[in-house]
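> Below you will find the structure I want to go over with you.
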Amino acid sequence: MSAEDAQDGVSNGLSDTTGQITITLTTLDKAFAVPELPLYVPLSLKRYGLSEVVNHLLATERPIPFDFLINSELLRTSLQEYITQKGLSSEQTLALEYTRSILPPTFLASYSHPDWVSSVDVIEVASSNAKATPILSGCYDGIVRTWNLSGSVVSEFGGHTGPVKSVRWLDENKVVSASMDRSIRIWKVPVADNDGDEDVADVLGSNGPQTVVSARTFTGHKSTVEDIAVNAATSRMLSAGADSAVGLWTTNYKEAPPATVSVSTREMSGKRRRKTVVPSRGPISMMGSHTGPVTGVIFDPKDGTVGYSVSLDHTIKTWDLVTGALVDTRTTSFPLLSITALPELSLLCSGSSARHVTLHDPRAAADATTTKTLVGHTSFVVSLSRSPESEYMLASASHDGTVRVWDVRAQKSMYVISRESKTAERAKVFSVHWSKAVGIVSGGEDKRVQINRGTGLEVINQQSY
């Protein structure tokens, strides 16, 4: 296609010819590549109009939405507003990179619980597996549950004497939970035939969930275990304690040292009541340096021997998990409540009581300023989960009753997910997990696990599209 042909096609598709600027269009996706030729377009164009330009050049049968970047920054205004903000001239040529937009997630389903849902996790399974039970939830009633995609409880794990604060899949056969009762418990996921398995209770009926007895208990914290992270490659767990300690544990029971702190157990009600009796083991080490409750922990996604923790003491700490040594401390301006990593960008993301999501480069000097701040929530940001498909995207959960979807190349969130249940006004959201197979899964004060996926959600500043 010649430059004249391309320009004629674009001009014929756009009625506004006043106030123009020259642009070039490039993409990393070869399936949507167009000729890299200079084009004259109206300065009034926003994302929608620019998407029309690309679709016209591609001659697509159905419109495809695109996002546009200038110098690695997402365009969220008109071209006129952009060059005004940046102090640029309309005589300059703007180089625009475009990528297919992530479609806004819409409500898919919600699963009711007896009490607040404090934590959710999802294990990736083949979508064709009709019997899959990928969703894991922790509840303030002290029970851990697995769910299938039909919204049925498949298994219930009982034994905690306090509300569950965090749950994670270890693998497809085991899950781990942390609780206000100061314990961490590993549970064996039941299979179809449980005969002879002392760690799994009897099936409570052919149509009901299976009740599971805790297989392993780990103790060492002196207060609530707020969060837990797992690393399958190293068979290690990290825990965040309200006692200001970070715990390092092995998932291999035989390797675990003896416990020095004990916790009580509870009976699990069903057709029969039986007391949960489980062995207890201690941590490999309890790492103390924080001066306030630890609220979140993660392993470095690229190196299982490195861990990170955040705390109400305003700090992010980096730990050498081989020696248990503190490697780095960086201090922020606010109490921190959650953490995740964007490994391809070498960034740590933290949620704070100041309603922000802040981005940090752990390779930078400890006194370096925050790389970027994402603004939009109106209350505490208590959970973060990175996108399984885009290195630039993550989801955040907040006490303002929403989950927000972010692209770190823009300061404002792309989409807002509100609670579908109307049981409480602005019901707090406590946890979010972004799954490639299931969608964006969240749990909160409305006593529900909510799943959002697909299209049709409120777009922030929709007129800017």
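Chain lettering (A, B, ...) mirrors the order of the structure tokens, residue numbering begins at 1 for each chain separately, and ligand numbering begins at 1 in order of display.
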For A:Leu79, work out the shell of residues within 9 Å, counting only C-alpha atoms and skipping chain neighbours fewer than 4 positions away, then give it as a ChimeraX atom specification.
/A:21,42-46,75,83-84
> Next, write the just-selected residues to a file, as a PDB file, in the first residue's frame, keeping N, CA, C and O atoms as the atom set.

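So again_29.pdb came out as:
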```pdb
ATOM      1  N   ILE A  21      -2.271  16.269  12.656  1.00  0.00           N
ATOM      2  CA  ILE A  21      -0.908  15.953  13.070  1.00  0.00           C
ATOM      3  C   ILE A  21      -0.471  14.700  12.331  1.00  0.00           C
ATOM      4  O   ILE A  21      -1.302  13.868  11.940  1.00  0.00           O
ATOM      5  N   PRO A  42      -6.738  13.860  12.453  1.00  0.00           N
ATOM      6  CA  PRO A  42      -7.196  14.996  13.275  1.00  0.00           C
ATOM      7  C   PRO A  42      -6.626  14.935  14.689  1.00  0.00           C
ATOM      8  O   PRO A  42      -6.530  13.857  15.291  1.00  0.00           O
ATOM      9  N   LEU A  43      -6.281  16.078  15.220  1.00  0.00           N
ATOM     10  CA  LEU A  43      -5.799  16.152  16.594  1.00  0.00           C
ATOM     11  C   LEU A  43      -6.877  15.784  17.604  1.00  0.00           C
ATOM     12  O   LEU A  43      -6.583  15.464  18.755  1.00  0.00           O
ATOM     13  N   SER A  44      -8.129  15.802  17.184  1.00  0.00           N
ATOM     14  CA  SER A  44      -9.231  15.491  18.096  1.00  0.00           C
ATOM     15  C   SER A  44      -9.387  14.000  18.361  1.00  0.00           C
ATOM     16  O   SER A  44     -10.152  13.594  19.233  1.00  0.00           O
ATOM     17  N   LEU A  45      -8.646  13.158  17.618  1.00  0.00           N
ATOM     18  CA  LEU A  45      -8.809  11.713  17.766  1.00  0.00           C
ATOM     19  C   LEU A  45      -8.377  11.236  19.142  1.00  0.00           C
ATOM     20  O   LEU A  45      -7.378  11.681  19.701  1.00  0.00           O
ATOM     21  N   LYS A  46      -9.173  10.295  19.674  1.00  0.00           N
ATOM     22  CA  LYS A  46      -8.839   9.585  20.900  1.00  0.00           C
ATOM     23  C   LYS A  46      -8.667   8.110  20.552  1.00  0.00           C
ATOM     24  O   LYS A  46      -8.475   7.766  19.384  1.00  0.00           O
ATOM     25  N   LEU A  75      -2.076   6.140  25.883  1.00  0.00           N
ATOM     26  CA  LEU A  75      -2.810   7.345  25.530  1.00  0.00           C
ATOM     27  C   LEU A  75      -4.217   7.262  26.107  1.00  0.00           C
ATOM     28  O   LEU A  75      -4.982   6.356  25.786  1.00  0.00           O
ATOM     29  N   ILE A  83      -0.401  16.409  23.260  1.00  0.00           N
ATOM     30  CA  ILE A  83       0.727  17.270  22.887  1.00  0.00           C
ATOM     31  C   ILE A  83       0.732  18.552  23.715  1.00  0.00           C
ATOM     32  O   ILE A  83       1.793  19.130  23.993  1.00  0.00           O
ATOM     33  N   THR A  84      -0.456  19.003  24.153  1.00  0.00           N
ATOM     34  CA  THR A  84      -0.513  20.177  25.027  1.00  0.00           C
ATOM     35  C   THR A  84       0.111  19.872  26.376  1.00  0.00           C
ATOM     36  O   THR A  84       0.910  20.661  26.907  1.00  0.00           O
TER      37      THR A  84
END
```
> Near A:Val176, within 6 Å and counting only C-alpha atoms, which residues show up once chain neighbours fewer than 4 positions away are dropped, as a PyMOL selection string?
chain A and resi 167-168+185-186
> Between atom CA of A:Thr27 and atom CA of A:Ile64, what is the distance in Å, rounded to a tenth?
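Spanning atom CA of A:Thr27 to atom CA of A:Ile64 is a straight-line distance of 14.0 Å.
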> Excluding A:Ala256 and its own-chain neighbours fewer than 6 positions away, which residues fall within 12 Å of it when counting only C-alpha atoms? Please give them as a PDB file with N, CA and C atoms, in the first residue's frame.

```
ATOM      1  N   ARG A 216      -1.606 -31.418  58.154  1.00  0.00           N
ATOM      2  CA  ARG A 216      -0.393 -30.905  58.788  1.00  0.00           C
ATOM      3  C   ARG A 216      -0.679 -29.520  59.374  1.00  0.00           C
ATOM      4  N   THR A 217      -0.150 -29.257  60.560  1.00  0.00           N
ATOM      5  CA  THR A 217      -0.288 -27.943  61.187  1.00  0.00           C
ATOM      6  C   THR A 217       1.094 -27.399  61.508  1.00  0.00           C
ATOM      7  N   PHE A 218       1.286 -26.105  61.223  1.00  0.00           N
ATOM      8  CA  PHE A 218       2.552 -25.439  61.498  1.00  0.00           C
ATOM      9  C   PHE A 218       2.282 -24.254  62.420  1.00  0.00           C
ATOM     10  N   THR A 219       3.070 -24.134  63.467  1.00  0.00           N
ATOM     11  CA  THR A 219       2.892 -23.046  64.427  1.00  0.00           C
ATOM     12  C   THR A 219       4.221 -22.380  64.732  1.00  0.00           C
ATOM     13  N   GLY A 220       4.143 -21.122  65.102  1.00  0.00           N
ATOM     14  CA  GLY A 220       5.344 -20.361  65.418  1.00  0.00           C
ATOM     15  C   GLY A 220       5.058 -18.890  65.605  1.00  0.00           C
ATOM     16  N   SER A 235       9.808 -25.891  47.673  1.00  0.00           N
ATOM     17  CA  SER A 235       9.031 -26.500  48.768  1.00  0.00           C
ATOM     18  C   SER A 235       9.057 -25.632  50.019  1.00  0.00           C
ATOM     19  N   ARG A 236       8.886 -24.342  49.810  1.00  0.00           N
ATOM     20  CA  ARG A 236       8.933 -23.387  50.909  1.00  0.00           C
ATOM     21  C   ARG A 236       7.644 -22.553  50.955  1.00  0.00           C
ATOM     22  N   MET A 237       7.346 -22.050  52.150  1.00  0.00           N
ATOM     23  CA  MET A 237       6.246 -21.120  52.368  1.00  0.00           C
ATOM     24  C   MET A 237       6.774 -19.909  53.121  1.00  0.00           C
ATOM     25  N   LEU A 248       9.488 -18.464  57.628  1.00  0.00           N
ATOM     26  CA  LEU A 248       9.910 -19.309  56.508  1.00  0.00           C
ATOM     27  C   LEU A 248       9.692 -20.754  56.908  1.00  0.00           C
ATOM     28  N   TRP A 249       8.975 -21.510  56.066  1.00  0.00           N
ATOM     29  CA  TRP A 249       8.554 -22.870  56.395  1.00  0.00           C
ATOM     30  C   TRP A 249       8.834 -23.808  55.243  1.00  0.00           C
ATOM     31  N   THR A 250       8.987 -25.078  55.565  1.00  0.00           N
ATOM     32  CA  THR A 250       9.051 -26.093  54.530  1.00  0.00           C
ATOM     33  C   THR A 250       7.698 -26.777  54.417  1.00  0.00           C
ATOM     34  N   PRO A 279      -0.709 -33.344  63.682  1.00  0.00           N
ATOM     35  CA  PRO A 279       0.631 -33.054  64.192  1.00  0.00           C
ATOM     36  C   PRO A 279       0.987 -31.592  63.952  1.00  0.00           C
ATOM     37  N   SER A 280       1.987 -31.114  64.672  1.00  0.00           N
ATOM     38  CA  SER A 280       2.379 -29.718  64.553  1.00  0.00           C
ATOM     39  C   SER A 280       3.888 -29.616  64.407  1.00  0.00           C
ATOM     40  N   ARG A 281       4.311 -28.724  63.521  1.00  0.00           N
ATOM     41  CA  ARG A 281       5.733 -28.487  63.297  1.00  0.00           C
ATOM     42  C   ARG A 281       5.993 -26.990  63.267  1.00  0.00           C
ATOM     43  N   GLY A 282       7.270 -26.619  63.394  1.00  0.00           N
ATOM     44  CA  GLY A 282       7.648 -25.214  63.483  1.00  0.00           C
ATOM     45  C   GLY A 282       8.279 -24.688  62.216  1.00  0.00           C
ATOM     46  N   PRO A 283       8.683 -23.421  62.230  1.00  0.00           N
ATOM     47  CA  PRO A 283       9.289 -22.784  61.056  1.00  0.00           C
ATOM     48  C   PRO A 283      10.764 -23.120  60.923  1.00  0.00           C
ATOM     49  N   ILE A 284      11.280 -22.942  59.721  1.00  0.00           N
ATOM     50  CA  ILE A 284      12.724 -23.006  59.514  1.00  0.00           C
ATOM     51  C   ILE A 284      13.370 -21.809  60.204  1.00  0.00           C
ATOM     52  N   SER A 285      12.718 -20.656  60.062  1.00  0.00           N
ATOM     53  CA  SER A 285      13.205 -19.454  60.752  1.00  0.00           C
ATOM     54  C   SER A 285      12.072 -18.445  60.856  1.00  0.00           C
TER      55      SER A 285
END
```
> Set the distance at 9 Å and use only C-alpha atoms: which residues neighbour A:Pro343 once local chain neighbours fewer than 5 positions away are removed? I'd like the list as number ranges by chain.
A: 300-302, 348, 391
> What parts of stretch 284-331 of chain A does DSSP call strand (DSSP E or B)? I'd like the answer as a PyMOL selection string.
chain A and resi 285-288+294-300+303-311+315-320+325-331
> What's around stretch 372-380 of chain A at 8 Å? Count only C-alpha atoms, leave out sequence neighbours fewer than 4 positions away in its own chain, and write the answer as a list in words.
Leu337, Gly351, Ser352, Ser353, Ala354, Arg355, His356, Val357, Thr358, Leu359, His360, Ser398, His399, Asp400, Thr402, Arg404, Val408, Ala410, Gln411, Lys412 and Ser413 of chain A
